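Everything below belongs to entry31.txt, which stores compact mmCIF, C-alpha atoms and all ligand atoms.
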# COMPACT_ATOMS: atom_id res chain seq x y z
CA SER G 465 105.39 -96.65 14.04
CA ALA G 466 106.95 -99.48 12.05
CA ALA G 467 108.05 -97.24 9.21
CA LYS G 468 108.50 -98.80 5.81
CA GLU G 469 112.13 -99.23 4.88
CA PHE G 470 112.79 -96.97 1.97
CA VAL G 471 116.15 -96.80 0.23
CA LEU G 472 115.85 -93.10 -0.56
CA TYR G 473 114.11 -90.43 1.51
CA VAL G 474 113.86 -86.96 0.03
CA GLU G 475 112.10 -84.49 2.30
CA ASP G 476 111.11 -80.86 1.84
CA LEU G 477 113.77 -80.54 -0.84
CA THR G 478 114.08 -77.06 -2.28
CA VAL G 479 116.61 -75.41 -4.56
CA SER G 480 116.45 -71.87 -5.85
CA PHE G 481 118.36 -70.38 -8.76
CA ASP G 482 118.27 -66.59 -8.47
CA GLY G 483 115.06 -66.76 -6.48
CA PHE G 484 113.42 -69.22 -8.90
CA LYS G 485 112.48 -72.48 -7.18
CA ALA G 486 113.50 -75.24 -9.59
CA ILE G 487 112.63 -77.78 -6.86
CA ASP G 488 109.98 -76.68 -4.41
CA SER G 489 109.41 -78.52 -1.07
CA LEU G 490 109.54 -81.90 -2.75
CA ASN G 491 109.12 -85.25 -0.96
CA LEU G 492 110.11 -88.49 -2.64
CA TYR G 493 110.43 -92.00 -1.23
CA VAL G 494 111.92 -94.85 -3.22
CA ASP G 495 111.59 -98.49 -2.17
CA LYS G 496 114.04 -101.32 -2.38
CA ASN G 497 113.85 -103.02 -5.82
CA GLU G 498 111.73 -100.21 -7.14
CA LEU G 499 112.06 -98.89 -10.67
CA ARG G 500 110.73 -95.37 -10.33
CA VAL G 501 110.18 -93.36 -13.47
CA ILE G 502 110.01 -89.58 -13.34
CA ILE G 503 108.11 -87.84 -16.11
CA GLY G 504 107.00 -84.26 -16.63
CA PRO G 505 107.24 -81.44 -19.14
CA ASN G 506 110.53 -79.69 -19.95
CA GLY G 507 111.67 -77.46 -17.11
CA ALA G 508 109.70 -79.43 -14.50
CA GLY G 509 112.87 -79.98 -12.45
CA LYS G 510 113.59 -83.64 -13.21
CA THR G 511 117.28 -83.23 -14.02
CA THR G 512 117.77 -80.84 -11.12
CA LEU G 513 116.28 -83.43 -8.75
CA LEU G 514 118.80 -86.06 -9.87
CA ASP G 515 121.60 -83.45 -9.69
CA LEU G 516 120.65 -82.81 -6.06
CA ILE G 517 120.57 -86.50 -5.15
CA CYS G 518 124.01 -87.19 -6.67
CA GLY G 519 125.52 -84.07 -5.09
CA LYS G 520 126.14 -82.16 -8.31
CA THR G 521 123.83 -79.39 -7.08
CA ARG G 522 123.35 -78.30 -3.47
CA ALA G 523 119.93 -77.98 -1.87
CA SER G 524 118.78 -74.65 -0.47
CA LYS G 525 116.57 -76.49 2.00
CA GLY G 526 115.45 -79.99 2.95
CA SER G 527 117.20 -83.35 3.20
CA ILE G 528 118.20 -86.33 1.12
CA LYS G 529 118.79 -89.59 2.94
CA PHE G 530 120.02 -92.82 1.36
CA LYS G 531 119.34 -95.68 3.79
CA ASP G 532 121.11 -94.43 6.95
CA THR G 533 123.33 -91.95 5.19
CA GLU G 534 122.61 -88.25 5.01
CA LEU G 535 123.60 -87.19 1.48
CA THR G 536 122.49 -83.58 1.65
CA LYS G 537 125.91 -82.04 2.16
CA MET G 538 128.11 -84.94 1.15
CA ALA G 539 130.77 -84.61 -1.57
CA GLU G 540 129.88 -86.10 -4.94
CA HIS G 541 132.53 -88.86 -4.88
CA LYS G 542 131.45 -89.92 -1.38
CA ILE G 543 127.85 -90.18 -2.53
CA VAL G 544 129.04 -92.56 -5.26
CA ARG G 545 130.94 -94.57 -2.67
CA SER G 546 127.88 -94.76 -0.44
CA GLY G 547 126.08 -96.63 -3.23
CA VAL G 548 124.37 -94.07 -5.43
CA GLY G 549 125.33 -94.11 -9.12
CA ARG G 550 124.29 -91.64 -11.78
CA LYS G 551 124.50 -92.02 -15.52
CA PHE G 552 124.34 -88.84 -17.53
CA GLN G 553 122.89 -88.61 -21.00
CA THR G 554 126.17 -88.01 -22.78
CA PRO G 555 128.20 -91.22 -22.86
CA SER G 556 131.50 -91.18 -21.01
CA ILE G 557 133.12 -94.44 -22.03
CA TYR G 558 136.76 -94.73 -23.08
CA GLU G 559 136.39 -95.25 -26.83
CA ASN G 560 139.95 -96.48 -27.32
CA LEU G 561 139.83 -99.09 -24.57
CA SER G 562 138.22 -102.51 -24.82
CA VAL G 563 134.90 -103.31 -23.16
CA PHE G 564 136.85 -105.31 -20.57
CA GLN G 565 139.15 -102.38 -19.80
CA ASN G 566 136.27 -99.92 -19.54
CA LEU G 567 134.68 -102.12 -16.90
CA GLU G 568 137.99 -102.82 -15.19
CA VAL G 569 138.90 -99.16 -14.71
CA SER G 570 135.47 -98.59 -13.20
CA PHE G 571 136.14 -101.01 -10.36
CA PRO G 572 136.11 -98.84 -7.24
CA ARG G 573 139.19 -100.12 -5.43
CA GLY G 574 142.29 -98.74 -7.04
CA ARG G 575 140.33 -97.19 -9.89
CA SER G 576 143.64 -97.47 -11.63
CA VAL G 577 144.60 -97.64 -15.24
CA MET G 578 146.99 -100.49 -14.41
CA GLY G 579 144.92 -102.98 -16.37
CA ALA G 580 144.75 -100.66 -19.33
CA LEU G 581 148.52 -100.38 -19.20
CA GLY G 582 148.83 -104.13 -19.56
CA PHE G 583 149.17 -105.27 -15.97
CA LYS G 584 147.27 -108.39 -15.07
CA CYS G 585 144.33 -107.56 -12.86
CA ASP G 586 143.42 -109.68 -9.90
CA ASN G 587 140.82 -112.43 -9.89
CA GLU G 588 138.25 -110.44 -7.96
CA VAL G 589 138.21 -107.68 -10.53
CA GLN G 590 138.12 -110.18 -13.39
CA ALA G 591 135.20 -112.03 -11.85
CA ARG G 592 133.33 -108.79 -11.32
CA VAL G 593 133.98 -107.66 -14.91
CA GLN G 594 132.70 -111.00 -16.17
CA ALA G 595 129.54 -110.84 -14.04
CA VAL G 596 128.76 -107.28 -15.08
CA ALA G 597 129.47 -108.03 -18.77
CA GLU G 598 126.95 -110.86 -18.58
CA GLU G 599 124.41 -108.65 -16.85
CA ILE G 600 124.63 -105.97 -19.57
CA GLY G 601 124.69 -108.52 -22.39
CA LEU G 602 128.22 -107.74 -23.56
CA ALA G 603 130.01 -110.90 -22.38
CA ASP G 604 130.90 -111.78 -25.98
CA LYS G 605 132.28 -108.28 -26.63
CA LEU G 606 134.87 -108.05 -23.83
CA ASP G 607 137.77 -107.73 -26.26
CA SER G 608 136.02 -105.31 -28.61
CA GLU G 609 137.10 -101.72 -28.76
CA ALA G 610 134.39 -99.68 -27.03
CA GLY G 611 134.38 -97.07 -29.79
CA LEU G 612 133.24 -99.72 -32.27
CA LEU G 613 130.13 -100.71 -30.31
CA SER G 614 126.65 -99.71 -31.46
CA HIS G 615 125.03 -96.71 -29.78
CA GLY G 616 122.90 -99.00 -27.60
CA GLN G 617 125.84 -101.17 -26.62
CA LYS G 618 127.77 -98.06 -25.55
CA GLN G 619 124.89 -97.06 -23.30
CA TRP G 620 124.79 -100.55 -21.76
CA LEU G 621 128.55 -100.43 -21.25
CA GLU G 622 128.15 -97.19 -19.37
CA ILE G 623 125.49 -98.77 -17.19
CA GLY G 624 127.95 -101.62 -16.66
CA MET G 625 130.61 -99.13 -15.58
CA LEU G 626 128.15 -97.90 -12.97
CA LEU G 627 127.40 -101.46 -11.88
CA MET G 628 131.13 -102.10 -11.31
CA GLN G 629 130.83 -99.71 -8.35
CA GLU G 630 128.06 -101.91 -6.89
CA PRO G 631 125.48 -99.16 -6.46
CA GLU G 632 122.24 -99.88 -4.63
CA LEU G 633 120.52 -96.95 -6.29
CA LEU G 634 121.05 -96.08 -9.95
CA MET G 635 119.82 -92.93 -11.62
CA LEU G 636 119.49 -92.78 -15.39
CA ASP G 637 118.57 -89.87 -17.60
CA GLU G 638 116.65 -90.89 -20.75
CA PRO G 639 118.40 -94.25 -21.16
CA ILE G 640 116.84 -95.13 -24.54
CA ALA G 641 117.51 -91.83 -26.34
CA GLY G 642 118.71 -92.60 -29.85
CA MET G 643 118.22 -96.36 -29.56
CA SER G 644 116.68 -98.71 -32.12
CA ALA G 645 113.44 -100.55 -31.29
CA LYS G 646 115.36 -103.74 -30.58
CA GLU G 647 117.81 -101.90 -28.33
CA ARG G 648 114.93 -100.31 -26.43
CA GLU G 649 113.44 -103.72 -25.80
CA LEU G 650 116.76 -105.09 -24.53
CA THR G 651 117.21 -101.99 -22.35
CA ALA G 652 113.80 -102.52 -20.74
CA ASP G 653 114.83 -106.08 -19.89
CA LEU G 654 118.20 -104.89 -18.58
CA LEU G 655 116.72 -102.23 -16.31
CA LYS G 656 114.16 -104.64 -14.88
CA ARG G 657 116.89 -107.22 -14.31
CA ILE G 658 119.08 -104.66 -12.52
CA CYS G 659 116.20 -103.78 -10.18
CA LYS G 660 115.85 -107.36 -8.95
CA ASN G 661 118.47 -106.48 -6.36
CA ARG G 662 118.85 -102.71 -6.63
CA SER G 663 116.67 -99.61 -6.94
CA MET G 664 116.51 -97.19 -9.82
CA ILE G 665 115.23 -93.74 -10.75
CA VAL G 666 114.80 -93.12 -14.47
CA ILE G 667 113.87 -89.88 -16.23
CA GLU G 668 111.99 -90.79 -19.39
CA HIS G 669 109.80 -89.16 -22.03
CA ASP G 670 108.80 -92.20 -24.08
CA MET G 671 105.49 -93.25 -22.56
CA ASP G 672 105.48 -96.71 -24.13
CA PHE G 673 108.83 -97.34 -22.51
CA VAL G 674 107.62 -95.90 -19.19
CA ALA G 675 104.63 -98.26 -19.23
CA GLN G 676 106.96 -101.16 -19.92
CA ILE G 677 109.43 -100.58 -17.09
CA ALA G 678 107.91 -98.49 -14.27
CA SER G 679 106.93 -99.95 -10.95
CA LYS G 680 105.72 -96.46 -10.04
CA VAL G 681 105.53 -93.16 -11.92
CA THR G 682 106.14 -89.71 -10.46
CA VAL G 683 104.90 -86.75 -12.49
CA MET G 684 106.76 -83.51 -11.84
CA HIS G 685 105.60 -80.03 -12.73
CA GLN G 686 107.11 -76.68 -11.72
CA GLY G 687 109.46 -78.22 -9.19
CA LYS G 688 106.73 -80.15 -7.40
CA ILE G 689 105.15 -83.58 -7.61
CA LEU G 690 101.90 -83.32 -9.50
CA ALA G 691 100.89 -86.97 -9.30
CA GLU G 692 102.31 -90.32 -8.28
CA GLY G 693 101.14 -93.88 -8.79
CA SER G 694 100.87 -96.60 -11.39
CA MET G 695 101.11 -95.65 -15.06
CA ASP G 696 97.34 -96.12 -15.31
CA GLN G 697 96.64 -93.90 -12.33
CA VAL G 698 98.82 -91.01 -13.46
CA GLN G 699 97.77 -91.01 -17.09
CA ASN G 700 94.12 -90.82 -16.11
CA ASP G 701 94.74 -88.07 -13.55
CA PRO G 702 93.00 -84.85 -14.75
CA LYS G 703 95.85 -82.71 -13.31
CA VAL G 704 98.36 -84.62 -15.42
CA ILE G 705 96.21 -84.46 -18.55
CA ASP G 706 95.88 -80.69 -18.03
CA VAL G 707 99.63 -80.16 -17.83
CA TYR G 708 100.37 -82.29 -20.88
CA LEU G 709 97.69 -80.61 -22.94
CA GLY G 710 99.19 -77.27 -21.96
CA HIS G 711 96.27 -75.62 -20.16
P1 LIG Y 801 113.72 -80.89 -16.59
O1 LIG Y 801 114.86 -81.83 -16.43
O2 LIG Y 801 112.44 -81.39 -15.99
O3 LIG Y 801 113.51 -80.49 -18.03
P2 LIG Y 801 115.43 -79.03 -15.24
O4 LIG Y 801 115.71 -79.67 -13.93
O5 LIG Y 801 116.49 -79.13 -16.28
O6 LIG Y 801 114.03 -79.54 -15.81
O7 LIG Y 801 115.14 -77.48 -15.03
C1 LIG Y 801 114.20 -76.98 -14.10
C2 LIG Y 801 114.26 -75.47 -14.11
O8 LIG Y 801 115.40 -75.02 -13.41
C3 LIG Y 801 114.33 -74.87 -15.49
O9 LIG Y 801 113.53 -73.71 -15.52
C4 LIG Y 801 115.79 -74.54 -15.65
O10 LIG Y 801 115.97 -73.44 -16.52
C5 LIG Y 801 116.19 -74.19 -14.22
N1 LIG Y 801 117.60 -74.50 -13.93
C6 LIG Y 801 118.15 -75.72 -13.86
N2 LIG Y 801 119.45 -75.65 -13.51
C7 LIG Y 801 119.74 -74.33 -13.37
C8 LIG Y 801 120.92 -73.58 -13.01
N3 LIG Y 801 122.06 -74.20 -12.74
N4 LIG Y 801 120.81 -72.25 -12.96
C9 LIG Y 801 119.64 -71.63 -13.23
N5 LIG Y 801 118.52 -72.25 -13.56
C10 LIG Y 801 118.55 -73.58 -13.63
Would it be possible to restate this file's structure as structure tokens?
Amino acid sequence: SAAKEFVLYVEDLTVSFDGFKAIDSLNLYVDKNELRVIIGPNGAGKTTLLDLICGKTRASKGSIKFKDTELTKMAEHKIVRSGVGRKFQTPSIYENLSVFQNLEVSFPRGRSVMGALGFKCDNEVQARVQAVAEEIGLADKLDSEAGLLSHGQKQWLEIGMLLMQEPELLMLDEPIAGMSAKERELTADLLKRICKNRSMIVIEHDMDFVAQIASKVTVMHQGKILAEGSMDQVQNDPKVIDVYLGH
């Protein structure tokens, strides 16, 4: 059949920790340009799922395919190179470097600290830094020390560092944690903008934010998918209501 072209295919994915199935025969398909949000109670397996996709954790069973590439047993750095970028909750920017330098050192080729050491970087890198800085709304902060940015700006910078590697699939874990209302709004715009030519999986707890950004919502519970669909569909699903009310 003329199968739909997904970017990410997760099939029969299972991982056990000491016999406990944190992810249990899970299937997940993410489209091009999709902004998929994963919700679910604590312990549902959301973080573990992203850990499996980015290669931080190994599956006990099943497969993860990104376009034509089998990721299931691939090394973490190769998964990044194949176009899958993950941002963790704790920021990992270089506080003492400028915004420009943070982006520059994240450029995949070389990945050197040459620029930070004062060497002039080539035009391609400069152009890429400029484009990414504009995309994340920090074009006027290129010379600022990263440590002096607001909490929200630091988070955007880290997303920018991911974008420097030109990922086609980005995975973010609670991107608005600790942000002000204004920063949340700007982050919603940023994520939607990023998905115009990439795909994204976001773990999020803030339902207002989920409603604002999601093209599709996946509800996880006990390592499985409990429901999937539009925000409206999942929040009116009796199974989902049950889980959130703690029956
Ligand atoms: P969520 O992100 O939805 O809150 P997690 O993926 O963090 O859920 O956790 C799912 C379950 O797997 C939890 O019960 C957690 O304790 C367990 N778990 C996750 N990682 C490990 C690990 N490395 N070793 C043992 N148990 C783990």
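For the choices G:Thr536, G:Ser524, G:Thr511, G:Ser562, the atom-to-atom distance to Asp637 of chain G is smallest for G:Thr511 when using all atoms listed in the file.
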Practice task
All residues within 12 Å of ligand LIG 801 (chain Y) are required, counting only C-alpha atoms and all ligand atoms; please report them as number ranges by chain.
Solution key: G: 478-488, 502-516, 520-523, 552-553, 636-638, 666-669, 682-689
Around segment 595-603 of chain G, fit a box with edges along x, y and z, padding it by 8 Å on each side, then list its centre and edge lengths in Å to one decimal as lines of an AutoDock Vina configuration file.
center_x = 127.2
center_y = -108.4
center_z = -18.8
size_x = 21.6
size_y = 20.9
size_z = 25.5
Exercise for the section: Starting from the point (107.8, -95.8, -29.1), work out which residues of protein, DNA or RNA have an atom no more than 9 Å away when counting all atoms listed in the file; state them as a ChimeraX atom specification. Expected result: /G:645,648,670-673
Problem - Residues near segment 529-533 of chain G, cut-off 6 Å, all atoms listed in the file, skip fewer than 5 positions along chain, as a list in words - result: Val471, Leu472 and Tyr473 of chain G
Non-local contacts of segment 554-558 of chain G (8 Å; only C-alpha atoms; under 4 positions in same chain excluded) as a PDB file with C-alpha atoms, in the coordinates of the input:
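Ended up saving to out_12.pdb:
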ATOM      1  CA  ASN G 566     136.270 -99.920 -19.540  1.00  0.00           C
ATOM      2  CA  ALA G 610     134.390 -99.680 -27.030  1.00  0.00           C
ATOM      3  CA  GLY G 611     134.380 -97.070 -29.790  1.00  0.00           C
ATOM      4  CA  LYS G 618     127.770 -98.060 -25.550  1.00  0.00           C
ATOM      5  CA  GLN G 619     124.890 -97.060 -23.300  1.00  0.00           C
ATOM      6  CA  LEU G 621     128.550-100.430 -21.250  1.00  0.00           C
ATOM      7  CA  GLU G 622     128.150 -97.190 -19.370  1.00  0.00           C
TER       8      GLU G 622
END
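Straight-line separation from atom CA of Ser527 of chain G to atom CA of Ala539 of chain G: 14.4 Å.
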Show me, as a PDB file with C-alpha atoms, in the frame of the given file, the residues that have an atom within 7 Å of segment 497-501 of chain G when counting all atoms listed in the file, minus same-chain residues fewer than 4 positions from it.
ATOM      1  CA  CYS G 659     116.200-103.780 -10.180  1.00  0.00           C
ATOM      2  CA  LYS G 660     115.850-107.360  -8.950  1.00  0.00           C
ATOM      3  CA  ASN G 661     118.470-106.480  -6.360  1.00  0.00           C
ATOM      4  CA  ARG G 662     118.850-102.710  -6.630  1.00  0.00           C
ATOM      5  CA  SER G 663     116.670 -99.610  -6.940  1.00  0.00           C
ATOM      6  CA  MET G 664     116.510 -97.190  -9.820  1.00  0.00           C
ATOM      7  CA  ILE G 665     115.230 -93.740 -10.750  1.00  0.00           C
ATOM      8  CA  VAL G 666     114.800 -93.120 -14.470  1.00  0.00           C
ATOM      9  CA  ILE G 667     113.870 -89.880 -16.230  1.00  0.00           C
ATOM     10  CA  GLU G 668     111.990 -90.790 -19.390  1.00  0.00           C
ATOM     11  CA  VAL G 674     107.620 -95.900 -19.190  1.00  0.00           C
ATOM     12  CA  ALA G 678     107.910 -98.490 -14.270  1.00  0.00           C
ATOM     13  CA  SER G 679     106.930 -99.950 -10.950  1.00  0.00           C
ATOM     14  CA  LYS G 680     105.720 -96.460 -10.040  1.00  0.00           C
ATOM     15  CA  VAL G 681     105.530 -93.160 -11.920  1.00  0.00           C
ATOM     16  CA  THR G 682     106.140 -89.710 -10.460  1.00  0.00           C
TER      17      THR G 682
END
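Atom CA of Asp586 of chain G to atom CA of Met635 of chain G spans 29.0 Å [interatomic distance, one decimal].
Atom CA of Leu633 of chain G to atom CA of Arg592 of chain G spans 18.2 Å [interatomic distance, one decimal].
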How would segment 615-645 of chain G look with N, CA and C atoms restored, written as a compact mmCIF listing (two decimals), in the frame of the given file?
# COMPACT_ATOMS: atom_id res chain seq x y z
N HIS G 615 125.45 -97.73 -30.74
CA HIS G 615 125.03 -96.71 -29.78
C HIS G 615 124.42 -97.35 -28.52
N GLY G 616 123.54 -98.33 -28.74
CA GLY G 616 122.90 -99.00 -27.60
C GLY G 616 123.91 -99.72 -26.73
N GLN G 617 124.83 -100.43 -27.37
CA GLN G 617 125.84 -101.17 -26.62
C GLN G 617 126.71 -100.23 -25.78
N LYS G 618 126.98 -99.04 -26.32
CA LYS G 618 127.77 -98.06 -25.55
C LYS G 618 127.01 -97.63 -24.29
N GLN G 619 125.71 -97.45 -24.45
CA GLN G 619 124.89 -97.06 -23.30
C GLN G 619 124.88 -98.17 -22.25
N TRP G 620 124.79 -99.42 -22.70
CA TRP G 620 124.79 -100.55 -21.76
C TRP G 620 126.15 -100.65 -21.07
N LEU G 621 127.21 -100.40 -21.84
CA LEU G 621 128.55 -100.43 -21.25
C LEU G 621 128.64 -99.39 -20.13
N GLU G 622 128.08 -98.23 -20.39
CA GLU G 622 128.15 -97.19 -19.37
C GLU G 622 127.35 -97.58 -18.13
N ILE G 623 126.24 -98.25 -18.33
CA ILE G 623 125.49 -98.77 -17.19
C ILE G 623 126.34 -99.81 -16.47
N GLY G 624 127.04 -100.63 -17.24
CA GLY G 624 127.95 -101.62 -16.66
C GLY G 624 129.05 -100.97 -15.83
N MET G 625 129.56 -99.84 -16.32
CA MET G 625 130.61 -99.13 -15.58
C MET G 625 130.07 -98.64 -14.23
N LEU G 626 128.80 -98.25 -14.24
CA LEU G 626 128.15 -97.90 -12.97
C LEU G 626 128.04 -99.12 -12.07
N LEU G 627 127.62 -100.24 -12.66
CA LEU G 627 127.40 -101.46 -11.88
C LEU G 627 128.70 -101.97 -11.24
N MET G 628 129.84 -101.69 -11.87
CA MET G 628 131.13 -102.10 -11.31
C MET G 628 131.33 -101.52 -9.91
N GLN G 629 130.69 -100.37 -9.65
CA GLN G 629 130.83 -99.71 -8.35
C GLN G 629 129.81 -100.24 -7.34
N GLU G 630 129.06 -101.27 -7.75
CA GLU G 630 128.06 -101.91 -6.89
C GLU G 630 127.09 -100.93 -6.24
N PRO G 631 126.45 -100.10 -7.03
CA PRO G 631 125.48 -99.16 -6.46
C PRO G 631 124.22 -99.90 -6.01
N GLU G 632 123.54 -99.34 -5.03
CA GLU G 632 122.24 -99.88 -4.63
C GLU G 632 121.12 -99.05 -5.22
N LEU G 633 121.48 -97.83 -5.61
CA LEU G 633 120.52 -96.95 -6.29
C LEU G 633 121.17 -96.39 -7.55
N LEU G 634 120.53 -96.63 -8.69
CA LEU G 634 121.05 -96.08 -9.95
C LEU G 634 120.10 -95.01 -10.46
N MET G 635 120.66 -93.98 -11.04
CA MET G 635 119.82 -92.93 -11.62
C MET G 635 120.21 -92.74 -13.08
N LEU G 636 119.23 -92.87 -13.96
CA LEU G 636 119.49 -92.78 -15.39
C LEU G 636 118.63 -91.70 -16.02
N ASP G 637 119.24 -90.96 -16.93
CA ASP G 637 118.57 -89.87 -17.60
C ASP G 637 118.30 -90.28 -19.05
N GLU G 638 117.07 -90.49 -19.39
CA GLU G 638 116.65 -90.89 -20.75
C GLU G 638 117.53 -91.99 -21.35
N PRO G 639 117.48 -93.18 -20.76
CA PRO G 639 118.40 -94.25 -21.16
C PRO G 639 118.21 -94.77 -22.57
N ILE G 640 117.04 -94.56 -23.20
CA ILE G 640 116.84 -95.13 -24.54
C ILE G 640 116.97 -94.10 -25.66
N ALA G 641 117.38 -92.87 -25.31
CA ALA G 641 117.51 -91.83 -26.34
C ALA G 641 118.41 -92.33 -27.47
N GLY G 642 117.92 -92.24 -28.68
CA GLY G 642 118.71 -92.60 -29.85
C GLY G 642 118.81 -94.09 -30.14
N MET G 643 118.11 -94.91 -29.36
CA MET G 643 118.22 -96.36 -29.56
C MET G 643 117.22 -96.89 -30.59
N SER G 644 117.58 -98.02 -31.20
CA SER G 644 116.68 -98.71 -32.12
C SER G 644 115.59 -99.42 -31.30
N ALA G 645 114.54 -99.86 -31.98
CA ALA G 645 113.44 -100.55 -31.29
C ALA G 645 113.94 -101.79 -30.54
